[in-house]
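As provided, query-v9.pdb (PDB, C-alpha atoms and all ligand atoms) reads as follows.
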ATOM      1  CA  MET J 290       0.000   0.000   0.000  1.00  0.00           C
ATOM      2  CA  ALA J 291       1.335   3.434  -0.898  1.00  0.00           C
ATOM      3  CA  LYS J 292       2.083   5.643   2.065  1.00  0.00           C
ATOM      4  CA  ALA J 293       2.761   9.338   2.461  1.00  0.00           C
ATOM      5  CA  PHE J 294       6.475  10.146   2.772  1.00  0.00           C
ATOM      6  CA  VAL J 295       7.003  12.626   5.603  1.00  0.00           C
ATOM      7  CA  VAL J 296       9.895  15.065   5.894  1.00  0.00           C
ATOM      8  CA  ALA J 297       9.858  16.637   9.372  1.00  0.00           C
ATOM      9  CA  VAL J 298      11.812  19.864   9.769  1.00  0.00           C
ATOM     10  CA  ASP J 299      12.134  21.222  13.299  1.00  0.00           C
ATOM     11  CA  GLY J 300      14.188  24.008  14.789  1.00  0.00           C
ATOM     12  CA  PRO J 301      14.074  27.345  16.597  1.00  0.00           C
ATOM     13  CA  GLY J 302      12.390  30.515  15.334  1.00  0.00           C
ATOM     14  CA  GLY J 303      14.062  32.473  12.567  1.00  0.00           C
ATOM     15  CA  VAL J 304      16.355  29.649  11.485  1.00  0.00           C
ATOM     16  CA  GLY J 305      15.034  29.485   7.906  1.00  0.00           C
ATOM     17  CA  LYS J 306      12.702  26.482   8.185  1.00  0.00           C
ATOM     18  CA  GLY J 307      10.003  28.346   6.263  1.00  0.00           C
ATOM     19  CA  GLU J 308      12.196  28.972   3.237  1.00  0.00           C
ATOM     20  CA  LEU J 309      13.662  25.459   3.346  1.00  0.00           C
ATOM     21  CA  THR J 310      10.317  23.681   3.686  1.00  0.00           C
ATOM     22  CA  ARG J 311       8.702  25.778   0.927  1.00  0.00           C
ATOM     23  CA  ARG J 312      11.529  24.845  -1.419  1.00  0.00           C
ATOM     24  CA  LEU J 313      11.437  21.178  -0.434  1.00  0.00           C
ATOM     25  CA  ALA J 314       7.655  20.907  -0.860  1.00  0.00           C
ATOM     26  CA  LYS J 315       7.890  22.529  -4.289  1.00  0.00           C
ATOM     27  CA  ALA J 316      10.799  20.364  -5.472  1.00  0.00           C
ATOM     28  CA  LEU J 317       9.168  17.151  -4.217  1.00  0.00           C
ATOM     29  CA  ASP J 318       5.615  18.184  -5.105  1.00  0.00           C
ATOM     30  CA  PHE J 319       4.553  17.398  -1.527  1.00  0.00           C
ATOM     31  CA  GLU J 320       1.957  19.037   0.729  1.00  0.00           C
ATOM     32  CA  LEU J 321       3.341  21.671   3.141  1.00  0.00           C
ATOM     33  CA  LEU J 322       2.419  22.067   6.805  1.00  0.00           C
ATOM     34  CA  ASP J 323       3.420  25.324   8.503  1.00  0.00           C
ATOM     35  CA  SER J 324       2.497  24.307  12.038  1.00  0.00           C
ATOM     36  CA  GLY J 325       3.794  27.564  13.506  1.00  0.00           C
ATOM     37  CA  ALA J 326       1.173  29.427  11.475  1.00  0.00           C
ATOM     38  CA  ILE J 327      -1.536  27.396  13.226  1.00  0.00           C
ATOM     39  CA  TYR J 328      -0.265  28.485  16.660  1.00  0.00           C
ATOM     40  CA  ARG J 329       0.091  32.050  15.380  1.00  0.00           C
ATOM     41  CA  VAL J 330      -3.512  32.115  14.105  1.00  0.00           C
ATOM     42  CA  LEU J 331      -4.774  30.633  17.353  1.00  0.00           C
ATOM     43  CA  ALA J 332      -3.043  33.369  19.382  1.00  0.00           C
ATOM     44  CA  TYR J 333      -4.411  36.000  16.989  1.00  0.00           C
ATOM     45  CA  ALA J 334      -7.954  34.597  17.235  1.00  0.00           C
ATOM     46  CA  ALA J 335      -7.676  34.466  21.013  1.00  0.00           C
ATOM     47  CA  ARG J 336      -6.581  38.102  21.253  1.00  0.00           C
ATOM     48  CA  LYS J 337      -9.410  39.097  18.956  1.00  0.00           C
ATOM     49  CA  ALA J 338     -11.906  37.246  21.128  1.00  0.00           C
ATOM     50  CA  GLY J 339     -10.499  38.966  24.224  1.00  0.00           C
ATOM     51  CA  LEU J 340      -9.105  35.753  25.722  1.00  0.00           C
ATOM     52  CA  ALA J 341      -6.071  35.716  27.991  1.00  0.00           C
ATOM     53  CA  LEU J 342      -3.185  33.785  26.454  1.00  0.00           C
ATOM     54  CA  PHE J 343      -3.021  31.541  29.554  1.00  0.00           C
ATOM     55  CA  ASP J 344      -6.760  30.713  29.611  1.00  0.00           C
ATOM     56  CA  GLU J 345      -6.165  27.100  28.591  1.00  0.00           C
ATOM     57  CA  ASP J 346      -9.740  25.822  28.477  1.00  0.00           C
ATOM     58  CA  SER J 347     -11.036  28.727  26.381  1.00  0.00           C
ATOM     59  CA  LEU J 348      -8.019  28.412  24.072  1.00  0.00           C
ATOM     60  CA  VAL J 349      -8.791  24.715  23.597  1.00  0.00           C
ATOM     61  CA  GLN J 350     -12.296  25.618  22.431  1.00  0.00           C
ATOM     62  CA  GLU J 351     -10.865  28.217  20.056  1.00  0.00           C
ATOM     63  CA  ALA J 352      -8.285  25.671  18.787  1.00  0.00           C
ATOM     64  CA  LYS J 353     -10.993  23.114  18.078  1.00  0.00           C
ATOM     65  CA  PHE J 354     -13.424  25.382  16.324  1.00  0.00           C
ATOM     66  CA  MET J 355     -11.439  28.155  14.636  1.00  0.00           C
ATOM     67  CA  ASN J 356     -12.057  28.259  10.920  1.00  0.00           C
ATOM     68  CA  LEU J 357      -8.538  28.299   9.523  1.00  0.00           C
ATOM     69  CA  THR J 358      -7.618  27.848   5.862  1.00  0.00           C
ATOM     70  CA  PHE J 359      -4.368  27.931   3.960  1.00  0.00           C
ATOM     71  CA  GLU J 360      -4.973  29.095   0.409  1.00  0.00           C
ATOM     72  CA  PRO J 361      -2.109  28.665  -2.076  1.00  0.00           C
ATOM     73  CA  THR J 362      -1.748  31.710  -4.385  1.00  0.00           C
ATOM     74  CA  ASP J 363       0.923  32.770  -6.889  1.00  0.00           C
ATOM     75  CA  ALA J 364       2.296  35.161  -4.281  1.00  0.00           C
ATOM     76  CA  GLY J 365       2.529  32.469  -1.587  1.00  0.00           C
ATOM     77  CA  VAL J 366       0.155  30.894   0.890  1.00  0.00           C
ATOM     78  CA  LYS J 367      -2.703  33.093   2.067  1.00  0.00           C
ATOM     79  CA  VAL J 368      -3.817  32.417   5.662  1.00  0.00           C
ATOM     80  CA  LEU J 369      -7.494  32.967   6.416  1.00  0.00           C
ATOM     81  CA  LEU J 370      -9.315  33.030   9.745  1.00  0.00           C
ATOM     82  CA  GLY J 371     -12.927  32.784   8.669  1.00  0.00           C
ATOM     83  CA  ASP J 372     -13.123  35.430   5.919  1.00  0.00           C
ATOM     84  CA  GLU J 373     -10.320  37.535   7.358  1.00  0.00           C
ATOM     85  CA  ASP J 374      -6.941  37.506   5.616  1.00  0.00           C
ATOM     86  CA  VAL J 375      -4.465  37.260   8.518  1.00  0.00           C
ATOM     87  CA  THR J 376      -1.380  36.426   6.399  1.00  0.00           C
ATOM     88  CA  LEU J 377       0.537  39.556   7.408  1.00  0.00           C
ATOM     89  CA  ALA J 378      -0.961  40.081  10.859  1.00  0.00           C
ATOM     90  CA  ILE J 379       0.390  36.733  12.121  1.00  0.00           C
ATOM     91  CA  ARG J 380       3.963  37.463  10.974  1.00  0.00           C
ATOM     92  CA  THR J 381       4.893  40.185  13.446  1.00  0.00           C
ATOM     93  CA  GLU J 382       7.406  39.533  16.242  1.00  0.00           C
ATOM     94  CA  GLU J 383       4.576  40.032  18.760  1.00  0.00           C
ATOM     95  CA  ALA J 384       2.454  37.389  17.010  1.00  0.00           C
ATOM     96  CA  GLY J 385       5.414  34.979  17.299  1.00  0.00           C
ATOM     97  CA  VAL J 386       5.799  35.623  21.009  1.00  0.00           C
ATOM     98  CA  ASN J 387       2.029  35.200  21.549  1.00  0.00           C
ATOM     99  CA  ALA J 388       2.065  31.954  19.543  1.00  0.00           C
ATOM    100  CA  SER J 389       4.871  30.649  21.709  1.00  0.00           C
ATOM    101  CA  LYS J 390       2.768  31.428  24.825  1.00  0.00           C
ATOM    102  CA  VAL J 391      -0.340  29.522  23.704  1.00  0.00           C
ATOM    103  CA  ALA J 392       1.888  26.715  22.373  1.00  0.00           C
ATOM    104  CA  ALA J 393       3.258  26.109  25.865  1.00  0.00           C
ATOM    105  CA  LEU J 394      -0.173  24.887  27.059  1.00  0.00           C
ATOM    106  CA  PRO J 395      -0.441  21.058  26.908  1.00  0.00           C
ATOM    107  CA  LYS J 396      -4.204  20.859  26.226  1.00  0.00           C
ATOM    108  CA  VAL J 397      -3.881  23.371  23.405  1.00  0.00           C
ATOM    109  CA  ARG J 398      -1.188  21.236  21.748  1.00  0.00           C
ATOM    110  CA  GLU J 399      -3.347  18.142  22.143  1.00  0.00           C
ATOM    111  CA  ALA J 400      -6.331  19.948  20.572  1.00  0.00           C
ATOM    112  CA  LEU J 401      -4.250  20.849  17.506  1.00  0.00           C
ATOM    113  CA  LEU J 402      -2.682  17.423  16.912  1.00  0.00           C
ATOM    114  CA  GLN J 403      -5.245  15.977  14.520  1.00  0.00           C
ATOM    115  CA  ARG J 404      -5.543  19.235  12.564  1.00  0.00           C
ATOM    116  CA  GLN J 405      -1.815  18.942  11.844  1.00  0.00           C
ATOM    117  CA  ARG J 406      -1.877  15.209  11.057  1.00  0.00           C
ATOM    118  CA  ASP J 407      -4.651  15.799   8.514  1.00  0.00           C
ATOM    119  CA  PHE J 408      -2.061  17.491   6.277  1.00  0.00           C
ATOM    120  CA  CYS J 409      -0.356  14.147   5.753  1.00  0.00           C
ATOM    121  CA  VAL J 410      -1.498  12.977   2.316  1.00  0.00           C
ATOM    122  CA  GLU J 411       0.130  11.037  -0.523  1.00  0.00           C
ATOM    123  CA  PRO J 412       2.597  11.327  -2.089  1.00  0.00           C
ATOM    124  CA  GLY J 413       4.072  13.150   0.887  1.00  0.00           C
ATOM    125  CA  LEU J 414       4.337  16.020   3.330  1.00  0.00           C
ATOM    126  CA  VAL J 415       6.996  18.489   4.376  1.00  0.00           C
ATOM    127  CA  ALA J 416       6.199  19.578   7.946  1.00  0.00           C
ATOM    128  CA  ASP J 417       7.709  22.675   9.560  1.00  0.00           C
ATOM    129  CA  GLY J 418       7.647  23.180  13.326  1.00  0.00           C
ATOM    130  CA  ARG J 419       9.134  22.428  16.732  1.00  0.00           C
ATOM    131  CA  ASP J 420       7.791  18.923  17.423  1.00  0.00           C
ATOM    132  CA  MET J 421       7.169  17.472  13.960  1.00  0.00           C
ATOM    133  CA  GLY J 422       9.716  14.663  14.351  1.00  0.00           C
ATOM    134  CA  THR J 423       9.183  14.075  18.070  1.00  0.00           C
ATOM    135  CA  VAL J 424       5.400  14.228  18.551  1.00  0.00           C
ATOM    136  CA  VAL J 425       3.259  14.960  15.498  1.00  0.00           C
ATOM    137  CA  PHE J 426       4.984  12.645  12.987  1.00  0.00           C
ATOM    138  CA  PRO J 427       7.220  10.376  15.069  1.00  0.00           C
ATOM    139  CA  LYS J 428       7.495   7.898  12.175  1.00  0.00           C
ATOM    140  CA  ALA J 429       8.579  10.522   9.611  1.00  0.00           C
ATOM    141  CA  GLU J 430      10.863   9.053   6.946  1.00  0.00           C
ATOM    142  CA  VAL J 431      13.303  11.984   7.207  1.00  0.00           C
ATOM    143  CA  LYS J 432      13.812  14.137  10.282  1.00  0.00           C
ATOM    144  CA  ILE J 433      15.864  17.286  10.124  1.00  0.00           C
ATOM    145  CA  PHE J 434      16.677  19.612  13.013  1.00  0.00           C
ATOM    146  CA  LEU J 435      17.784  22.937  11.613  1.00  0.00           C
ATOM    147  CA  ASP J 436      19.773  25.082  13.996  1.00  0.00           C
ATOM    148  CA  ALA J 437      21.747  28.347  14.015  1.00  0.00           C
ATOM    149  CA  SER J 438      22.997  30.662  16.751  1.00  0.00           C
ATOM    150  CA  ALA J 439      20.515  33.215  18.132  1.00  0.00           C
ATOM    151  CA  GLU J 440      22.834  36.027  16.994  1.00  0.00           C
ATOM    152  CA  VAL J 441      22.874  34.839  13.374  1.00  0.00           C
ATOM    153  CA  ARG J 442      19.090  34.385  13.385  1.00  0.00           C
ATOM    154  CA  ALA J 443      18.598  37.906  14.786  1.00  0.00           C
ATOM    155  CA  LYS J 444      20.944  39.353  12.135  1.00  0.00           C
ATOM    156  CA  ARG J 445      19.076  37.544   9.340  1.00  0.00           C
ATOM    157  CA  ARG J 446      15.753  38.801  10.675  1.00  0.00           C
ATOM    158  CA  GLU J 447      17.068  42.364  10.930  1.00  0.00           C
ATOM    159  CA  LEU J 448      18.224  42.276   7.291  1.00  0.00           C
ATOM    160  CA  GLN J 449      14.918  40.724   6.202  1.00  0.00           C
ATOM    161  CA  LEU J 450      12.901  43.499   7.904  1.00  0.00           C
ATOM    162  CA  LYS J 451      15.156  46.233   6.515  1.00  0.00           C
ATOM    163  CA  ALA J 452      14.829  44.776   3.024  1.00  0.00           C
ATOM    164  CA  GLN J 453      11.056  45.152   3.469  1.00  0.00           C
ATOM    165  CA  GLY J 454      11.600  48.825   4.352  1.00  0.00           C
ATOM    166  CA  LYS J 455      10.678  48.232   8.006  1.00  0.00           C
ATOM    167  CA  VAL J 456      12.327  49.505  11.162  1.00  0.00           C
ATOM    168  CA  ALA J 457      14.491  46.825  12.767  1.00  0.00           C
ATOM    169  CA  ASP J 458      16.311  46.968  16.088  1.00  0.00           C
ATOM    170  CA  TYR J 459      18.891  44.149  16.314  1.00  0.00           C
ATOM    171  CA  ASP J 460      19.072  44.118  20.130  1.00  0.00           C
ATOM    172  CA  LEU J 461      15.294  43.965  20.489  1.00  0.00           C
ATOM    173  CA  ILE J 462      15.031  41.196  17.878  1.00  0.00           C
ATOM    174  CA  LEU J 463      17.793  39.229  19.628  1.00  0.00           C
ATOM    175  CA  SER J 464      16.113  39.503  23.025  1.00  0.00           C
ATOM    176  CA  GLU J 465      12.746  38.385  21.563  1.00  0.00           C
ATOM    177  CA  ILE J 466      14.419  35.440  19.818  1.00  0.00           C
ATOM    178  CA  LYS J 467      16.099  34.418  23.076  1.00  0.00           C
ATOM    179  CA  GLU J 468      12.849  34.766  25.042  1.00  0.00           C
ATOM    180  CA  ARG J 469      10.994  32.607  22.521  1.00  0.00           C
ATOM    181  CA  ASP J 470      13.813  30.020  22.381  1.00  0.00           C
ATOM    182  CA  ASP J 471      13.806  29.772  26.142  1.00  0.00           C
ATOM    183  CA  ARG J 472      10.037  29.152  26.302  1.00  0.00           C
ATOM    184  CA  ASP J 473       9.992  26.733  23.344  1.00  0.00           C
ATOM    185  CA  ARG J 474      12.942  24.686  24.648  1.00  0.00           C
ATOM    186  CA  ASN J 475      11.930  24.537  28.295  1.00  0.00           C
ATOM    187  CA  ARG J 476       8.173  23.898  28.196  1.00  0.00           C
ATOM    188  CA  ALA J 477       6.887  20.716  29.809  1.00  0.00           C
ATOM    189  CA  VAL J 478       5.153  19.290  26.733  1.00  0.00           C
ATOM    190  CA  ALA J 479       6.749  18.760  23.309  1.00  0.00           C
ATOM    191  CA  PRO J 480       9.749  20.995  23.979  1.00  0.00           C
ATOM    192  CA  LEU J 481      11.988  22.004  21.122  1.00  0.00           C
ATOM    193  CA  VAL J 482      14.588  19.200  21.001  1.00  0.00           C
ATOM    194  CA  PRO J 483      15.959  17.176  18.095  1.00  0.00           C
ATOM    195  CA  ALA J 484      14.339  13.743  17.771  1.00  0.00           C
ATOM    196  CA  SER J 485      16.838  10.998  18.624  1.00  0.00           C
ATOM    197  CA  ASP J 486      16.855   9.961  14.944  1.00  0.00           C
ATOM    198  CA  ALA J 487      17.017  13.493  13.495  1.00  0.00           C
ATOM    199  CA  VAL J 488      19.905  14.797  11.416  1.00  0.00           C
ATOM    200  CA  VAL J 489      21.027  18.101  12.918  1.00  0.00           C
ATOM    201  CA  ILE J 490      22.017  20.724  10.353  1.00  0.00           C
ATOM    202  CA  ASP J 491      23.745  23.777  11.791  1.00  0.00           C
ATOM    203  CA  SER J 492      23.090  26.484   9.217  1.00  0.00           C
ATOM    204  CA  THR J 493      25.109  29.195  10.997  1.00  0.00           C
ATOM    205  CA  ASP J 494      27.714  29.224   8.205  1.00  0.00           C
ATOM    206  CA  MET J 495      25.589  27.757   5.401  1.00  0.00           C
ATOM    207  CA  SER J 496      23.644  29.381   2.568  1.00  0.00           C
ATOM    208  CA  ILE J 497      20.020  28.422   1.929  1.00  0.00           C
ATOM    209  CA  GLU J 498      21.166  26.546  -1.210  1.00  0.00           C
ATOM    210  CA  GLU J 499      23.612  24.473   0.824  1.00  0.00           C
ATOM    211  CA  VAL J 500      20.938  23.653   3.407  1.00  0.00           C
ATOM    212  CA  PHE J 501      18.432  22.772   0.671  1.00  0.00           C
ATOM    213  CA  ASN J 502      20.926  20.497  -1.116  1.00  0.00           C
ATOM    214  CA  LYS J 503      21.795  18.713   2.116  1.00  0.00           C
ATOM    215  CA  ALA J 504      18.087  18.176   2.927  1.00  0.00           C
ATOM    216  CA  MET J 505      17.341  16.923  -0.601  1.00  0.00           C
ATOM    217  CA  SER J 506      20.236  14.464  -0.395  1.00  0.00           C
ATOM    218  CA  LEU J 507      18.789  13.069   2.852  1.00  0.00           C
ATOM    219  CA  VAL J 508      15.401  12.616   1.158  1.00  0.00           C
ATOM    220  CA  GLU J 509      16.944  10.942  -1.917  1.00  0.00           C
ATOM    221  CA  GLU J 510      19.053   8.636   0.238  1.00  0.00           C
ATOM    222  CA  LYS J 511      15.976   7.528   2.180  1.00  0.00           C
ATOM    223  CA  ARG J 512      13.883   7.060  -0.959  1.00  0.00           C
ATOM    224  CA  LYS J 513      16.543   4.801  -2.475  1.00  0.00           C
ATOM    225  CA  GLY J 514      16.529   2.660   0.641  1.00  0.00           C
ATOM    226  CA  LEU J 515      12.736   2.187   0.716  1.00  0.00           C
TER     227      LEU J 515
HETATM  228  O1  LIG K 601       7.630  28.605  13.524  1.00  0.00           O
HETATM  229  P1  LIG K 601       6.961  29.852  14.041  1.00  0.00           P
HETATM  230  O2  LIG K 601       7.940  30.923  14.416  1.00  0.00           O
HETATM  231  O3  LIG K 601       5.900  30.368  13.116  1.00  0.00           O
HETATM  232  O4  LIG K 601       6.219  29.400  15.386  1.00  0.00           O
HETATM  233  C1  LIG K 601       5.604  30.324  16.252  1.00  0.00           C
HETATM  234  C2  LIG K 601       5.540  29.729  17.670  1.00  0.00           C
HETATM  235  O5  LIG K 601       4.643  28.617  17.680  1.00  0.00           O
HETATM  236  C3  LIG K 601       6.860  29.191  18.207  1.00  0.00           C
HETATM  237  O6  LIG K 601       7.574  30.144  18.954  1.00  0.00           O
HETATM  238  C4  LIG K 601       6.457  28.036  19.073  1.00  0.00           C
HETATM  239  C5  LIG K 601       5.140  27.584  18.523  1.00  0.00           C
HETATM  240  N1  LIG K 601       5.221  26.330  17.759  1.00  0.00           N
HETATM  241  C6  LIG K 601       5.189  25.170  18.485  1.00  0.00           C
HETATM  242  O7  LIG K 601       5.191  25.199  19.700  1.00  0.00           O
HETATM  243  N2  LIG K 601       5.160  23.981  17.839  1.00  0.00           N
HETATM  244  C7  LIG K 601       5.199  23.913  16.510  1.00  0.00           C
HETATM  245  N3  LIG K 601       5.170  22.722  15.923  1.00  0.00           N
HETATM  246  C8  LIG K 601       5.269  25.103  15.751  1.00  0.00           C
HETATM  247  C9  LIG K 601       5.300  26.311  16.427  1.00  0.00           C
END

Turn this file's structure into structure tokens for me.
Ligand code: DC
Amino acid sequence: MAKAFVVAVDGPGGVGKGELTRRLAKALDFELLDSGAIYRVLAYAARKAGLALFDEDSLVQEAKFMNLTFEPTDAGVKVLLGDEDVTLAIRTEEAGVNASKVAALPKVREALLQRQRDFCVEPGLVADGRDMGTVVFPKAEVKIFLDASAEVRAKRRELQLKAQGKVADYDLILSEIKERDDRDRNRAVAPLVPASDAVVIDSTDMSIEEVFNKAMSLVEEKRKGL
């Protein structure tokens, strides 16, 4: 029986998982799961509904019933909450910090598990997150843990924002990255750690092309062995 081939890509915020997973999904013609976007939309929906970001039971209800869609367009994936286009609103630094807060709540993570697993369809899936290889897809065919120093990630983010004509303060970005890292790595449930069978790629001194080529070679190697 044919089975979906899963490539799990985990790692800290700002490490380039988004760019890598988009390229991988395109090259392999696989489905793409941006699990961070789900947590970001949940935090956004919660704020909009006036919920506190620690109100676990209310957040679980929101997680179960929020009407979230990812709509592929020529310009990228559009993220919709009901009819509202939240693509840009969920990409701010604040939205990332808020997502990290709701993501630390065990019942919220549990409530979002099936929604994430539903993305797994043939011929395959590239999944981007913090716990793809450890919790959501523990049997993934390829597991990659992409890492880079907080300083390099902050510098990349600063350049990215400046390229978009936005104001960017390196020290503030670095402190937000460190705060988010600390919460994501030290939470009780599904903390950010490499799966025991993950290949760790430290991208600190690598270009996106080098990271992509390395990831593709891992996929090809695994496919040959199947
Ligand atoms: O990947 P991202 O920056 O869009 O994720 C935003 C936050 O969501 C991140 O700080 C932690 C949380 N997250 C998570 O806990 N588990 C995932 N699989 C993906 C994201």

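Using all atoms listed in the file, every residue with an atom at most 10 Å from the point (-1.9, 15.2, 4.1) is listed here: Ala293, Phe294, Val295, Phe319, Glu320, Leu321, Leu322, Gln405, Arg406, Asp407, Phe408, Cys409, Val410, Glu411, Pro412, Gly413, Leu414, Val415 and Ala416 of chain J.
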
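When you apply the PyMOL selection byres (((chain J and resi 375-388) around 7) and not hetatm) to this structure, what comes back is Tyr328, Arg329, Val330, Ala332, Tyr333, Lys367, Val368, Leu369, Leu370, Glu373, Asp374, Ser389, Lys390, Val391, Ala392 and Arg469 of chain J.
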
Write the residues of the selection above to a file with C-alpha atoms, as a tab-separated table (two decimals), in the coordinates of the input.
chain	number	residue	atom	x	y	z
J	328	TYR	CA	-0.26	28.48	16.66
J	329	ARG	CA	0.09	32.05	15.38
J	330	VAL	CA	-3.51	32.12	14.10
J	332	ALA	CA	-3.04	33.37	19.38
J	333	TYR	CA	-4.41	36.00	16.99
J	367	LYS	CA	-2.70	33.09	2.07
J	368	VAL	CA	-3.82	32.42	5.66
J	369	LEU	CA	-7.49	32.97	6.42
J	370	LEU	CA	-9.32	33.03	9.74
J	373	GLU	CA	-10.32	37.53	7.36
J	374	ASP	CA	-6.94	37.51	5.62
J	389	SER	CA	4.87	30.65	21.71
J	390	LYS	CA	2.77	31.43	24.82
J	391	VAL	CA	-0.34	29.52	23.70
J	392	ALA	CA	1.89	26.72	22.37
J	469	ARG	CA	10.99	32.61	22.52

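Reported to one decimal place, the separation of CA of Asp363 (chain J) from atom C4 of ligand LIG 601 (chain K) is 27.0 Å.
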
One-decimal distance in Å that lies between CA of Ile466 (chain J) and CA of Glu399 (chain J): 24.9 Å

Residues within 6 Å of (-6.4, 30.3, 13.5), file coords, all atoms listed in the file, listed as a list in words: Ile327, Val330, Leu331, Ala334, Met355, Leu357 and Leu370 of chain J

Write out the residues from the selection above, keeping C-alpha atoms, as an mmCIF file, in the frame of the given file.
data_model
loop_
_atom_site.group_PDB
_atom_site.id
_atom_site.type_symbol
_atom_site.label_atom_id
_atom_site.label_comp_id
_atom_site.auth_asym_id
_atom_site.auth_seq_id
_atom_site.Cartn_x
_atom_site.Cartn_y
_atom_site.Cartn_z
ATOM 1 C CA ILE J 327 -1.536 27.396 13.226
ATOM 2 C CA VAL J 330 -3.512 32.115 14.105
ATOM 3 C CA LEU J 331 -4.774 30.633 17.353
ATOM 4 C CA ALA J 334 -7.954 34.597 17.235
ATOM 5 C CA MET J 355 -11.439 28.155 14.636
ATOM 6 C CA LEU J 357 -8.538 28.299 9.523
ATOM 7 C CA LEU J 370 -9.315 33.030 9.745
#

Of the listed residues J:Thr310, J:Ser485, J:Ser492, J:Asn356, that which approaches ligand LIG 601 (chain K) most closely, counting only C-alpha atoms and all ligand atoms: J:Thr310

So which residues get picked by the PyMOL selection byres (((chain J and resi 428) around 12) and not hetatm) here, written as a compact mmCIF listing (two decimals) with C-alpha atoms, keeping the file's coordinate frame?
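The result, written out as selection.txt:
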# COMPACT_ATOMS: atom_id res chain seq x y z
CA LYS J 292 2.08 5.64 2.06
CA ALA J 293 2.76 9.34 2.46
CA PHE J 294 6.48 10.15 2.77
CA VAL J 295 7.00 12.63 5.60
CA VAL J 296 9.90 15.06 5.89
CA ALA J 297 9.86 16.64 9.37
CA ARG J 406 -1.88 15.21 11.06
CA CYS J 409 -0.36 14.15 5.75
CA MET J 421 7.17 17.47 13.96
CA GLY J 422 9.72 14.66 14.35
CA THR J 423 9.18 14.08 18.07
CA VAL J 424 5.40 14.23 18.55
CA VAL J 425 3.26 14.96 15.50
CA PHE J 426 4.98 12.64 12.99
CA PRO J 427 7.22 10.38 15.07
CA ALA J 429 8.58 10.52 9.61
CA GLU J 430 10.86 9.05 6.95
CA VAL J 431 13.30 11.98 7.21
CA LYS J 432 13.81 14.14 10.28
CA ALA J 484 14.34 13.74 17.77
CA SER J 485 16.84 11.00 18.62
CA ASP J 486 16.86 9.96 14.94
CA ALA J 487 17.02 13.49 13.50
